[in-house]
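> Contents of structure.csv (CSV, C-alpha atoms and all ligand atoms):
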```
chain,number,residue,atom,x,y,z
A,622,MET,CA,0.0,0.0,0.0
A,623,ALA,CA,1.3,3.5,-0.9
A,624,ALA,CA,2.3,5.7,2.1
A,625,ASP,CA,-0.2,8.4,2.9
A,626,TRP,CA,2.3,10.6,4.7
A,627,THR,CA,-0.3,11.6,7.4
A,628,ASP,CA,2.2,11.5,10.2
A,629,SER,CA,4.6,13.7,8.2
A,630,LEU,CA,1.8,16.2,7.4
A,631,ASN,CA,0.8,16.4,11.1
A,632,PHE,CA,4.5,16.8,12.1
A,633,GLY,CA,4.9,19.5,9.5
A,634,LEU,CA,1.8,21.4,10.8
A,635,SER,CA,3.2,21.3,14.3
A,636,LEU,CA,6.6,22.4,13.2
A,637,ALA,CA,5.1,25.3,11.2
A,638,LYS,CA,3.3,26.5,14.3
A,639,GLN,CA,6.4,26.4,16.4
A,640,ALA,CA,8.4,28.2,13.7
A,641,SER,CA,5.7,30.8,13.5
A,642,GLN,CA,6.1,31.5,17.2
A,643,VAL,CA,9.8,32.1,16.8
A,644,VAL,CA,9.1,34.4,13.8
A,645,MET,CA,6.5,36.4,15.7
A,646,GLU,CA,8.7,36.9,18.8
A,647,ALA,CA,11.3,38.5,16.6
A,648,TYR,CA,8.8,40.4,14.4
A,649,GLU,CA,7.3,42.1,17.4
A,650,LEU,CA,10.7,43.3,18.6
A,651,ARG,CA,11.4,45.0,15.3
A,652,THR,CA,15.1,45.1,15.9
A,653,GLU,CA,16.2,42.5,13.3
A,654,GLU,CA,19.5,43.3,11.5
A,655,PHE,CA,19.8,42.0,7.9
A,656,THR,CA,22.5,41.3,5.3
A,657,CYS,CA,22.0,41.2,1.5
A,658,LYS,CA,22.4,38.0,-0.6
A,659,SER,CA,22.0,38.1,-4.4
A,660,SER,CA,20.8,41.8,-4.5
A,661,ALA,CA,19.9,44.7,-2.3
A,662,ALA,CA,16.4,43.4,-2.1
A,663,ASP,CA,17.3,39.7,-1.3
A,664,LEU,CA,17.7,39.8,2.5
A,665,VAL,CA,18.6,37.3,5.2
A,666,THR,CA,18.3,37.8,9.0
A,667,GLN,CA,19.4,35.8,12.0
A,668,SER,CA,15.7,34.7,12.4
A,669,ASP,CA,15.7,33.2,8.9
A,670,VAL,CA,18.8,31.1,9.8
A,671,LYS,CA,17.5,30.3,13.3
A,672,VAL,CA,14.1,29.1,12.1
A,673,GLU,CA,15.6,27.1,9.2
A,674,ASN,CA,18.1,25.4,11.6
A,675,PHE,CA,15.2,24.5,14.0
A,676,LEU,CA,13.2,22.9,11.2
A,677,LYS,CA,16.2,21.1,9.7
A,678,SER,CA,17.2,19.6,13.0
A,679,ALA,CA,13.7,18.6,14.0
A,680,ILE,CA,13.0,16.9,10.7
A,681,GLY,CA,16.5,15.3,10.7
A,682,SER,CA,15.8,13.8,14.2
A,683,LYS,CA,12.4,12.4,13.3
A,684,TYR,CA,13.1,11.3,9.8
A,685,PRO,CA,16.8,10.7,9.4
A,686,GLN,CA,16.3,9.1,6.0
A,687,HIS,CA,14.5,12.2,4.5
A,688,ARG,CA,16.3,15.0,2.6
A,689,PHE,CA,16.1,18.7,3.3
A,690,LEU,CA,16.2,21.6,0.9
A,691,GLY,CA,16.1,25.0,2.6
A,692,GLU,CA,16.6,28.6,1.4
A,693,GLU,CA,19.3,29.5,3.8
A,694,SER,CA,21.1,26.1,3.6
A,695,VAL,CA,21.3,26.6,-0.2
A,696,ALA,CA,22.5,30.2,0.3
A,697,ALA,CA,25.2,28.8,2.6
A,698,GLY,CA,26.4,26.6,-0.2
A,699,GLU,CA,24.4,23.3,0.0
A,700,ARG,CA,23.6,21.7,-3.4
A,701,LEU,CA,20.1,22.3,-4.6
A,702,GLU,CA,19.0,18.9,-6.0
A,703,LEU,CA,15.6,17.4,-5.9
A,704,THR,CA,15.8,13.6,-6.0
A,705,ASP,CA,13.2,10.8,-5.8
A,706,LEU,CA,13.8,10.5,-2.0
A,707,PRO,CA,11.3,12.1,0.4
A,708,THR,CA,12.4,15.7,0.6
A,709,TRP,CA,11.2,18.7,2.7
A,710,ILE,CA,11.4,22.0,0.8
A,711,ILE,CA,11.5,24.9,3.3
A,712,ASP,CA,11.4,28.7,3.3
A,713,PRO,CA,11.8,29.6,7.0
A,714,ILE,CA,10.6,33.2,6.4
A,715,ASP,CA,8.9,34.0,3.1
A,716,GLY,CA,8.7,37.7,3.0
A,717,THR,CA,12.0,38.6,4.7
A,718,VAL,CA,11.8,42.2,3.4
A,719,ASN,CA,8.4,42.5,5.0
A,720,PHE,CA,9.7,40.9,8.2
A,721,VAL,CA,12.5,43.5,8.4
A,722,HIS,CA,10.1,46.4,7.9
A,723,GLY,CA,7.2,45.1,10.1
A,724,PHE,CA,4.9,44.9,7.0
A,725,PRO,CA,2.4,42.3,8.1
A,726,PHE,CA,2.8,39.5,5.6
A,727,VAL,CA,5.4,36.9,6.5
A,728,ALA,CA,5.1,33.1,6.2
A,729,VAL,CA,6.7,29.8,7.0
A,730,SER,CA,6.5,27.6,3.9
A,731,ILE,CA,6.9,23.8,4.1
A,732,ALA,CA,6.5,21.4,1.1
A,733,PHE,CA,7.1,17.7,1.1
A,734,CYS,CA,7.9,15.8,-2.1
A,735,VAL,CA,8.3,12.1,-2.9
A,736,ASN,CA,9.5,10.9,-6.3
A,737,ARG,CA,9.6,14.7,-7.2
A,738,GLN,CA,5.9,15.0,-6.7
A,739,THR,CA,4.5,17.2,-3.9
A,740,GLU,CA,2.6,15.2,-1.4
A,741,PHE,CA,1.6,18.1,0.8
A,742,GLY,CA,2.2,21.8,1.3
A,743,ILE,CA,1.8,24.1,4.4
A,744,VAL,CA,1.9,27.9,4.4
A,745,LEU,CA,1.6,29.5,7.8
A,746,SER,CA,0.9,33.2,7.5
A,747,CYS,CA,2.4,34.3,10.8
A,748,VAL,CA,0.8,37.7,11.6
A,749,ASP,CA,-2.8,36.8,10.9
A,750,GLN,CA,-2.2,33.2,12.1
A,751,LYS,CA,-3.7,31.6,9.0
A,752,VAL,CA,-2.7,28.0,8.4
A,753,TYR,CA,-3.1,27.1,4.7
A,754,TYR,CA,-2.4,23.5,3.8
A,755,ALA,CA,-3.2,20.9,1.2
A,756,ARG,CA,-2.5,17.2,0.7
A,757,ARG,CA,-2.4,15.6,-2.8
A,758,GLY,CA,-5.9,14.4,-3.6
A,759,GLY,CA,-7.2,15.6,-0.2
A,760,GLY,CA,-8.2,19.2,-0.9
A,761,ALA,CA,-6.9,22.5,0.4
A,762,TYR,CA,-7.8,24.2,3.7
A,763,CYS,CA,-7.3,27.4,5.7
A,764,ASN,CA,-7.7,27.1,9.5
A,765,GLY,CA,-9.9,24.0,8.8
A,766,ARG,CA,-12.1,25.7,6.2
A,767,ARG,CA,-12.1,24.1,2.7
A,768,LEU,CA,-10.7,26.4,0.0
A,769,ARG,CA,-12.0,26.9,-3.5
A,770,VAL,CA,-10.7,29.2,-6.3
A,771,SER,CA,-13.0,31.8,-7.8
A,772,GLU,CA,-13.2,29.9,-11.2
A,773,GLN,CA,-13.1,33.3,-12.9
A,774,GLN,CA,-12.9,32.9,-16.7
A,775,ASP,CA,-12.8,36.5,-17.8
A,776,VAL,CA,-9.4,38.1,-17.5
A,777,SER,CA,-10.9,41.6,-17.5
A,778,LYS,CA,-12.6,40.8,-14.2
A,779,CYS,CA,-9.5,39.4,-12.6
A,780,LEU,CA,-7.6,40.7,-9.5
A,781,VAL,CA,-4.0,39.8,-10.3
A,782,VAL,CA,-1.3,39.2,-7.8
A,783,THR,CA,2.4,39.4,-8.7
A,784,GLU,CA,5.7,40.3,-7.1
A,785,ILE,CA,8.4,42.9,-7.8
A,786,GLY,CA,10.9,40.2,-6.8
A,787,ALA,CA,14.5,40.4,-5.8
A,788,GLU,CA,16.1,40.5,-9.3
A,789,ARG,CA,17.1,44.1,-10.0
A,790,ASP,CA,19.0,44.1,-13.2
A,791,ASP,CA,17.7,46.3,-16.1
A,792,LEU,CA,16.2,43.4,-18.1
A,793,ALA,CA,14.3,42.0,-15.1
A,794,LEU,CA,13.0,45.4,-14.0
A,795,SER,CA,11.9,46.5,-17.5
A,796,THR,CA,10.2,43.1,-18.1
A,797,MET,CA,8.5,43.2,-14.8
A,798,THR,CA,7.2,46.7,-15.1
A,799,SER,CA,6.1,46.3,-18.8
A,800,ASN,CA,4.1,43.1,-17.7
A,801,ILE,CA,2.2,45.1,-15.2
A,802,LEU,CA,1.5,47.9,-17.7
A,803,THR,CA,0.3,45.3,-20.3
A,804,LEU,CA,-2.1,43.8,-17.7
A,805,LEU,CA,-3.4,47.1,-16.6
A,806,LYS,CA,-4.2,47.9,-20.2
A,807,LEU,CA,-6.0,44.6,-20.9
A,808,PRO,CA,-7.6,45.7,-18.5
A,809,VAL,CA,-7.7,43.7,-15.3
A,810,HIS,CA,-9.4,44.9,-12.1
A,811,GLY,CA,-6.2,45.5,-10.3
A,812,VAL,CA,-2.6,44.3,-9.6
A,813,ARG,CA,-1.4,43.6,-6.0
A,814,ALA,CA,1.8,42.4,-4.4
A,815,LEU,CA,2.0,41.3,-0.7
A,816,GLY,CA,5.7,40.7,-0.6
A,817,THR,CA,5.5,36.9,0.0
A,818,ALA,CA,5.0,34.6,-3.0
A,819,ALA,CA,3.7,31.9,-0.7
A,820,VAL,CA,0.9,34.0,0.8
A,821,ASP,CA,0.2,35.7,-2.6
A,822,MET,CA,-0.5,32.3,-4.2
A,823,CYS,CA,-2.8,31.3,-1.3
A,824,GLN,CA,-5.0,34.3,-2.2
A,825,VAL,CA,-5.7,32.5,-5.4
A,826,ALA,CA,-6.6,29.3,-3.5
A,827,THR,CA,-9.1,31.3,-1.3
A,828,GLY,CA,-10.7,33.0,-4.3
A,829,ALA,CA,-9.7,36.5,-3.1
A,830,ALA,CA,-7.5,36.8,-6.1
A,831,ASP,CA,-8.0,35.2,-9.5
A,832,VAL,CA,-4.4,34.8,-10.8
A,833,TYR,CA,-0.8,35.0,-9.7
A,834,TYR,CA,2.3,35.1,-11.8
A,835,HIS,CA,5.9,35.5,-10.9
A,836,VAL,CA,9.3,35.2,-12.6
A,837,GLY,CA,12.5,34.9,-10.6
A,838,MET,CA,11.3,33.4,-7.3
A,839,HIS,CA,12.7,30.1,-6.0
A,840,CYS,CA,11.3,26.6,-5.4
A,841,TRP,CA,11.0,27.1,-1.7
A,842,ASP,CA,8.8,30.2,-2.2
A,843,ILE,CA,6.1,28.4,-4.2
A,844,ALA,CA,6.4,24.6,-3.7
A,845,ALA,CA,3.9,24.5,-0.8
A,846,SER,CA,1.5,27.1,-2.2
A,847,ALA,CA,1.4,25.4,-5.7
A,848,ILE,CA,-0.3,22.3,-4.3
A,849,ILE,CA,-2.6,24.5,-2.2
A,850,VAL,CA,-3.8,26.2,-5.4
A,851,GLN,CA,-4.1,22.9,-7.3
A,852,GLU,CA,-6.1,21.3,-4.5
A,853,ALA,CA,-8.4,24.3,-4.3
A,854,GLY,CA,-9.3,23.6,-8.0
A,855,GLY,CA,-6.8,26.0,-9.6
A,856,VAL,CA,-4.4,25.7,-12.4
A,857,VAL,CA,-0.6,26.0,-11.9
A,858,MET,CA,1.6,26.2,-14.9
A,859,ASP,CA,4.8,27.7,-16.4
A,860,THR,CA,4.6,31.3,-17.7
A,861,GLU,CA,5.3,29.9,-21.2
A,862,GLY,CA,2.1,27.8,-20.9
A,863,SER,CA,3.9,24.5,-20.4
A,864,ARG,CA,3.8,22.2,-17.4
A,865,PHE,CA,4.7,23.7,-14.0
A,866,ASP,CA,8.3,23.0,-13.0
A,867,MET,CA,9.1,24.3,-9.5
A,868,MET,CA,12.8,24.6,-10.4
A,869,SER,CA,12.2,26.8,-13.5
A,870,ARG,CA,11.6,30.0,-11.5
A,871,ARG,CA,8.5,30.8,-13.4
A,872,VAL,CA,4.9,30.3,-12.3
A,873,ILE,CA,1.3,31.2,-13.1
A,874,ALA,CA,-1.4,30.1,-10.6
A,875,ALA,CA,-4.9,30.7,-11.8
A,876,SER,CA,-8.5,30.2,-11.0
A,877,SER,CA,-9.2,28.7,-14.4
A,878,SER,CA,-7.3,27.3,-17.4
A,879,VAL,CA,-8.7,30.1,-19.6
A,880,VAL,CA,-7.3,32.8,-17.3
A,881,ALA,CA,-3.9,31.0,-16.9
A,882,HIS,CA,-3.4,30.8,-20.7
A,883,ARG,CA,-4.6,34.4,-21.3
A,884,ILE,CA,-2.0,35.7,-18.7
A,885,ALA,CA,0.7,33.4,-20.3
A,886,ARG,CA,0.0,35.1,-23.7
A,887,ALA,CA,0.1,38.6,-22.2
A,888,ILE,CA,3.3,38.5,-20.1
A,889,ARG,CA,7.0,37.9,-20.9
A,890,ALA,CA,9.7,36.2,-18.7
A,891,PHE,CA,13.2,37.4,-18.3
A,892,PRO,CA,15.9,34.8,-18.3
A,893,CYS,CA,17.0,33.4,-15.0
A,894,SER,CA,19.0,30.3,-14.3
A,895,ARG,CA,17.1,27.3,-13.0
A,896,ASP,CA,17.2,26.5,-9.3
A,897,ASP,CA,18.8,23.1,-9.9
A,898,ALA,CA,21.3,24.3,-12.5
A,899,GLU,CA,24.8,22.9,-12.1
A,900,PRO,CA,26.9,25.5,-10.1
A,901,SER,CA,29.2,27.4,-12.4
A,902,GLN,CA,33.0,26.6,-12.0
A,1001,LIG,C1,10.9,36.4,-1.5
A,1001,LIG,C2,9.4,36.6,-1.5
A,1001,LIG,C3,9.0,37.7,-2.5
A,1001,LIG,C4,9.5,37.3,-3.9
A,1001,LIG,C5,11.0,37.1,-3.9
A,1001,LIG,C6,11.3,36.0,-2.9
A,1001,LIG,P1,12.1,35.5,0.7
A,1001,LIG,O1,11.2,35.3,-0.7
A,1001,LIG,O2,8.7,35.4,-1.8
A,1001,LIG,O3,7.6,37.8,-2.6
A,1001,LIG,O4,9.2,38.4,-4.8
A,1001,LIG,O5,11.3,36.6,-5.3
A,1001,LIG,O6,12.7,35.8,-3.0
A,1001,LIG,O7,13.5,35.9,0.2
A,1001,LIG,O8,11.5,36.6,1.5
A,1001,LIG,O9,12.1,34.2,1.3
```
Go through the file and emit its structure as structure tokens.

Amino acid sequence: MAADWTDSLNFGLSLAKQASQVVMEAYELRTEEFTCKSSAADLVTQSDVKVENFLKSAIGSKYPQHRFLGEESVAAGERLELTDLPTWIIDPIDGTVNFVHGFPFVAVSIAFCVNRQTEFGIVLSCVDQKVYYARRGGGAYCNGRRLRVSEQQDVSKCLVVTEIGAERDDLALSTMTSNILTLLKLPVHGVRALGTAAVDMCQVATGAADVYYHVGMHCWDIAASAIIVQEAGGVVMDTEGSRFDMMSRRVIAASSSVVAHRIARAIRAFPCSRDDAEPSQ
């Protein structure tokens, strides 16, 4: 009989709650120092590292045979490679810029994959204490309430969510701003950005937003929220219209296939290297 991973899901939910407490203690102090990683907008704090180390050691103790792929471990030089082995994909604080500023959208994101397929995803939005989660074939929930996408088919009635992102080279900035201009001219009802890809995508799962797109984020930002959108009845795909690949750094998450493909035709992606690309020599 195939494993149903219920114990792992329950363990992940309990870890997310503990991690959120650590995040909120630091968030309320508002004294966090940061350093920059790949750009002036790609930040890391002591809390990112502390929460990731907590999650990594708790998972390693309970499931020594499982693998771990975390934002800060990769930033510290660990190889980013998704294999067929059970793997936890973690963003300890999604929305680190928000966290540093006290802007109230920060999340702990935990996805669990086996045979490169996501079995469950958990996004805990720390300030408003919303626990979004989904299990493959089992539906998506927020604080116990079943989630359903809006099923909007008409792009001109869509509330779109996206992100400015951390990529700040000229091509990334001009592509990102011209995409927003194109969408506003379609027109759509509006464009929003909360500063955390994980929570942004959960807005599509709840039906509050109709579509999300993003180029340049990483697998840990969206692995958990992708299954939450899918299990809420949404469509998740590549910005080129092809199959979703969490390593590609491109995603559209939509309330319907019609809207997903309309957005794919409207926007452009700038080139960024895959998350699992071989490190350059
Ligand atoms: C960031 C957030 C942000 C997105 C960036 C991500 P982090 O994650 O998800 O919304 O635009 O691309 O890097 O660094 O706060 O974990």
> Do you know which residues lie at most 8 Å from (11.9, 34.3, -18.1), with coordinates as in the file and all atoms listed in the file counted, and could you write them as a PyMOL selection string?
chain A and resi 836-837+860+870-871+889-893
> Produce as a list in words the set of residues near ligand LIG 1001 (chain A), where near means within 7 Å with all atoms listed in the file considered.
Asp663, Leu664, Asp712, Ile714, Asp715, Gly716, Thr717, Val718, Glu784, Ile785, Gly786, Ala787, Leu815, Gly816, Thr817, Ala818, Ala819, Gly837, Met838, His839 and Asp842 of chain A
> Can you find the residues with an atom no farther than 12 Å from (1.4, 15.8, 11.6), counting all atoms listed in the file, and report them as an MDAnalysis selection string?
chainID A and resid 625:638 680 683 741:743 754 756
> For the residues in that selection, give me C-alpha atoms as a compact mmCIF listing (two decimals), in the coordinates of the input.

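For reference, selection.txt as written:
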```txt
# COMPACT_ATOMS: atom_id res chain seq x y z
CA ASP A 625 -0.20 8.40 2.90
CA TRP A 626 2.30 10.60 4.70
CA THR A 627 -0.30 11.60 7.40
CA ASP A 628 2.20 11.50 10.20
CA SER A 629 4.60 13.70 8.20
CA LEU A 630 1.80 16.20 7.40
CA ASN A 631 0.80 16.40 11.10
CA PHE A 632 4.50 16.80 12.10
CA GLY A 633 4.90 19.50 9.50
CA LEU A 634 1.80 21.40 10.80
CA SER A 635 3.20 21.30 14.30
CA LEU A 636 6.60 22.40 13.20
CA ALA A 637 5.10 25.30 11.20
CA LYS A 638 3.30 26.50 14.30
CA ILE A 680 13.00 16.90 10.70
CA LYS A 683 12.40 12.40 13.30
CA PHE A 741 1.60 18.10 0.80
CA GLY A 742 2.20 21.80 1.30
CA ILE A 743 1.80 24.10 4.40
CA TYR A 754 -2.40 23.50 3.80
CA ARG A 756 -2.50 17.20 0.70
```
> Figure out the distance between atom CA of A:Tyr833 and atom CA of A:Ser660, please, to one decimal in Å.
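Rounded to one decimal, the two atoms are 23.2 Å apart.
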> Using only C-alpha atoms, which residues sit within 9 Å of stretch 843-846 of chain A once same-chain residues fewer than 3 positions away are excluded, as a list of chain:residue names?
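Once the adjacent positions are removed, what remains is A:Ile710, A:Ile711, A:Ser730, A:Ile731, A:Ala732, A:Phe733, A:Thr739, A:Phe741, A:Gly742, A:Ile743, A:Val744, A:Tyr753, A:Tyr754, A:Ala755, A:Ala818, A:Ala819, A:Val820, A:Asp821, A:Met822, A:Cys823, A:Ala826, A:Met838, A:His839, A:Cys840, A:Ile849, A:Val850, A:Gln851, A:Met867, A:Val872.
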> Have a look at atom CA of A:Lys677 and atom CA of A:Trp709 and let me know their distance in Å, one decimal.
8.9 Å
> Let me make sure I understand: among A:Glu788, A:Val752, A:Ala793, A:Gly681, which one has the smallest atom-to-atom distance to A:Ser659 if we use all atoms listed in the file?
A:Glu788
> Please list as a VMD selection string every residue within 8 Å of A:Arg688, counting all atoms listed in the file and excluding residues in the same chain fewer than 4 positions away.
chain A and resid 706 to 709
> By how many Å are atom CA of A:Asp705 and atom CA of A:His687 apart?
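Separation of atom CA of A:Asp705 and atom CA of A:His687: 10.5 Å.
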> Rank nothing, just name the residue among A:Gln824, A:Ser777, A:Ser771, A:Ser863 nearest to A:Lys806, using all atoms listed in the file.
A:Ser777
> Taking into account only C-alpha atoms, which residue in the set A:Gln773, A:Ser795, A:Gln639, A:Thr704 is nearest to A:Ala875?
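Under the stated criterion, the closest residue is A:Gln773.
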> Rank nothing, just name the residue among A:Val832, A:Arg651, A:Ser799, A:Glu852 nearest to A:Gln774, using only C-alpha atoms.
A:Val832
> Just want the 10 Å neighbourhood of A:Thr656, counted on all atoms listed in the file, with same-chain residues fewer than 5 positions away dropped. Output as an MDAnalysis selection string.
chainID A and resid 661:667
> Determine, counting all atoms listed in the file, which protein, DNA and RNA residues have an atom within 12 Å of an atom of A:Ser878; residues of the same chain fewer than 3 positions away are not included. Present the result as a ChimeraX atom specification.
/A:770,772-776,831-832,851,854-858,862-863,873-875,881-885
> What would the file be for stretch 711-721 of chain A if you keep all heavy atoms and write it as a PDB file, in the first residue's frame?

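Result file follows (out32.pdb):
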```pdb
ATOM      1  N   ILE A 711      11.842  23.946   2.237  1.00  0.00           N
ATOM      2  CA  ILE A 711      11.490  24.902   3.299  1.00  0.00           C
ATOM      3  C   ILE A 711      11.901  26.325   2.965  1.00  0.00           C
ATOM      4  O   ILE A 711      13.038  26.577   2.556  1.00  0.00           O
ATOM      5  CB  ILE A 711      12.267  24.528   4.596  1.00  0.00           C
ATOM      6  CG1 ILE A 711      12.055  23.079   4.978  1.00  0.00           C
ATOM      7  CG2 ILE A 711      11.934  25.501   5.739  1.00  0.00           C
ATOM      8  CD1 ILE A 711      10.817  22.766   5.698  1.00  0.00           C
ATOM      9  N   ASP A 712      10.988  27.265   3.199  1.00  0.00           N
ATOM     10  CA  ASP A 712      11.365  28.680   3.303  1.00  0.00           C
ATOM     11  C   ASP A 712      11.037  29.095   4.734  1.00  0.00           C
ATOM     12  O   ASP A 712       9.862  29.175   5.110  1.00  0.00           O
ATOM     13  CB  ASP A 712      10.585  29.531   2.291  1.00  0.00           C
ATOM     14  CG  ASP A 712      11.137  30.956   2.233  1.00  0.00           C
ATOM     15  OD1 ASP A 712      11.831  31.359   3.187  1.00  0.00           O
ATOM     16  OD2 ASP A 712      10.859  31.654   1.238  1.00  0.00           O
ATOM     17  N   PRO A 713      12.063  29.347   5.567  1.00  0.00           N
ATOM     18  CA  PRO A 713      11.785  29.608   6.989  1.00  0.00           C
ATOM     19  C   PRO A 713      11.004  30.896   7.202  1.00  0.00           C
ATOM     20  O   PRO A 713      10.144  30.975   8.076  1.00  0.00           O
ATOM     21  CB  PRO A 713      13.182  29.703   7.617  1.00  0.00           C
ATOM     22  CG  PRO A 713      14.100  30.063   6.483  1.00  0.00           C
ATOM     23  CD  PRO A 713      13.500  29.415   5.257  1.00  0.00           C
ATOM     24  N   ILE A 714      11.337  31.935   6.402  1.00  0.00           N
ATOM     25  CA  ILE A 714      10.551  33.189   6.436  1.00  0.00           C
ATOM     26  C   ILE A 714      10.378  33.639   4.996  1.00  0.00           C
ATOM     27  O   ILE A 714      11.325  34.133   4.374  1.00  0.00           O
ATOM     28  CB  ILE A 714      11.253  34.311   7.247  1.00  0.00           C
ATOM     29  CG1 ILE A 714      11.535  33.867   8.682  1.00  0.00           C
ATOM     30  CG2 ILE A 714      10.380  35.584   7.233  1.00  0.00           C
ATOM     31  CD1 ILE A 714      12.211  34.937   9.554  1.00  0.00           C
ATOM     32  N   ASP A 715       9.193  33.432   4.447  1.00  0.00           N
ATOM     33  CA  ASP A 715       8.930  33.966   3.112  1.00  0.00           C
ATOM     34  C   ASP A 715       8.359  35.370   3.303  1.00  0.00           C
ATOM     35  O   ASP A 715       7.338  35.547   3.976  1.00  0.00           O
ATOM     36  CB  ASP A 715       7.954  33.085   2.332  1.00  0.00           C
ATOM     37  CG  ASP A 715       7.892  33.529   0.882  1.00  0.00           C
ATOM     38  OD1 ASP A 715       8.951  33.712   0.272  1.00  0.00           O
ATOM     39  OD2 ASP A 715       6.777  33.737   0.368  1.00  0.00           O
ATOM     40  N   GLY A 716       9.070  36.344   2.733  1.00  0.00           N
ATOM     41  CA  GLY A 716       8.719  37.749   2.985  1.00  0.00           C
ATOM     42  C   GLY A 716       9.714  38.353   3.962  1.00  0.00           C
ATOM     43  O   GLY A 716       9.324  39.094   4.871  1.00  0.00           O
ATOM     44  N   THR A 717      10.989  38.080   3.765  1.00  0.00           N
ATOM     45  CA  THR A 717      12.001  38.606   4.701  1.00  0.00           C
ATOM     46  C   THR A 717      12.047  40.133   4.672  1.00  0.00           C
ATOM     47  O   THR A 717      12.232  40.764   5.716  1.00  0.00           O
ATOM     48  CB  THR A 717      13.388  37.984   4.397  1.00  0.00           C
ATOM     49  OG1 THR A 717      13.259  36.566   4.483  1.00  0.00           O
ATOM     50  CG2 THR A 717      14.433  38.444   5.397  1.00  0.00           C
ATOM     51  N   VAL A 718      11.830  40.738   3.489  1.00  0.00           N
ATOM     52  CA  VAL A 718      11.814  42.214   3.435  1.00  0.00           C
ATOM     53  C   VAL A 718      10.658  42.739   4.293  1.00  0.00           C
ATOM     54  O   VAL A 718      10.815  43.679   5.088  1.00  0.00           O
ATOM     55  CB  VAL A 718      11.714  42.712   1.973  1.00  0.00           C
ATOM     56  CG1 VAL A 718      11.529  44.226   1.938  1.00  0.00           C
ATOM     57  CG2 VAL A 718      12.960  42.325   1.186  1.00  0.00           C
ATOM     58  N   ASN A 719       9.494  42.125   4.188  1.00  0.00           N
ATOM     59  CA  ASN A 719       8.355  42.503   5.043  1.00  0.00           C
ATOM     60  C   ASN A 719       8.713  42.331   6.517  1.00  0.00           C
ATOM     61  O   ASN A 719       8.397  43.190   7.352  1.00  0.00           O
ATOM     62  CB  ASN A 719       7.141  41.609   4.749  1.00  0.00           C
ATOM     63  CG  ASN A 719       6.505  41.894   3.395  1.00  0.00           C
ATOM     64  OD1 ASN A 719       6.859  42.862   2.743  1.00  0.00           O
ATOM     65  ND2 ASN A 719       5.580  41.051   2.987  1.00  0.00           N
ATOM     66  N   PHE A 720       9.335  41.220   6.832  1.00  0.00           N
ATOM     67  CA  PHE A 720       9.720  40.902   8.216  1.00  0.00           C
ATOM     68  C   PHE A 720      10.611  42.012   8.789  1.00  0.00           C
ATOM     69  O   PHE A 720      10.396  42.497   9.904  1.00  0.00           O
ATOM     70  CB  PHE A 720      10.441  39.553   8.203  1.00  0.00           C
ATOM     71  CG  PHE A 720      11.005  39.121   9.517  1.00  0.00           C
ATOM     72  CD1 PHE A 720      10.171  38.733  10.555  1.00  0.00           C
ATOM     73  CD2 PHE A 720      12.378  39.083   9.719  1.00  0.00           C
ATOM     74  CE1 PHE A 720      10.703  38.327  11.774  1.00  0.00           C
ATOM     75  CE2 PHE A 720      12.910  38.673  10.929  1.00  0.00           C
ATOM     76  CZ  PHE A 720      12.071  38.290  11.961  1.00  0.00           C
ATOM     77  N   VAL A 721      11.578  42.454   7.999  1.00  0.00           N
ATOM     78  CA  VAL A 721      12.516  43.490   8.447  1.00  0.00           C
ATOM     79  C   VAL A 721      11.777  44.817   8.685  1.00  0.00           C
ATOM     80  O   VAL A 721      12.088  45.551   9.614  1.00  0.00           O
ATOM     81  CB  VAL A 721      13.646  43.648   7.393  1.00  0.00           C
ATOM     82  CG1 VAL A 721      14.416  44.938   7.570  1.00  0.00           C
ATOM     83  CG2 VAL A 721      14.577  42.444   7.440  1.00  0.00           C
TER      84      VAL A 721
END
```
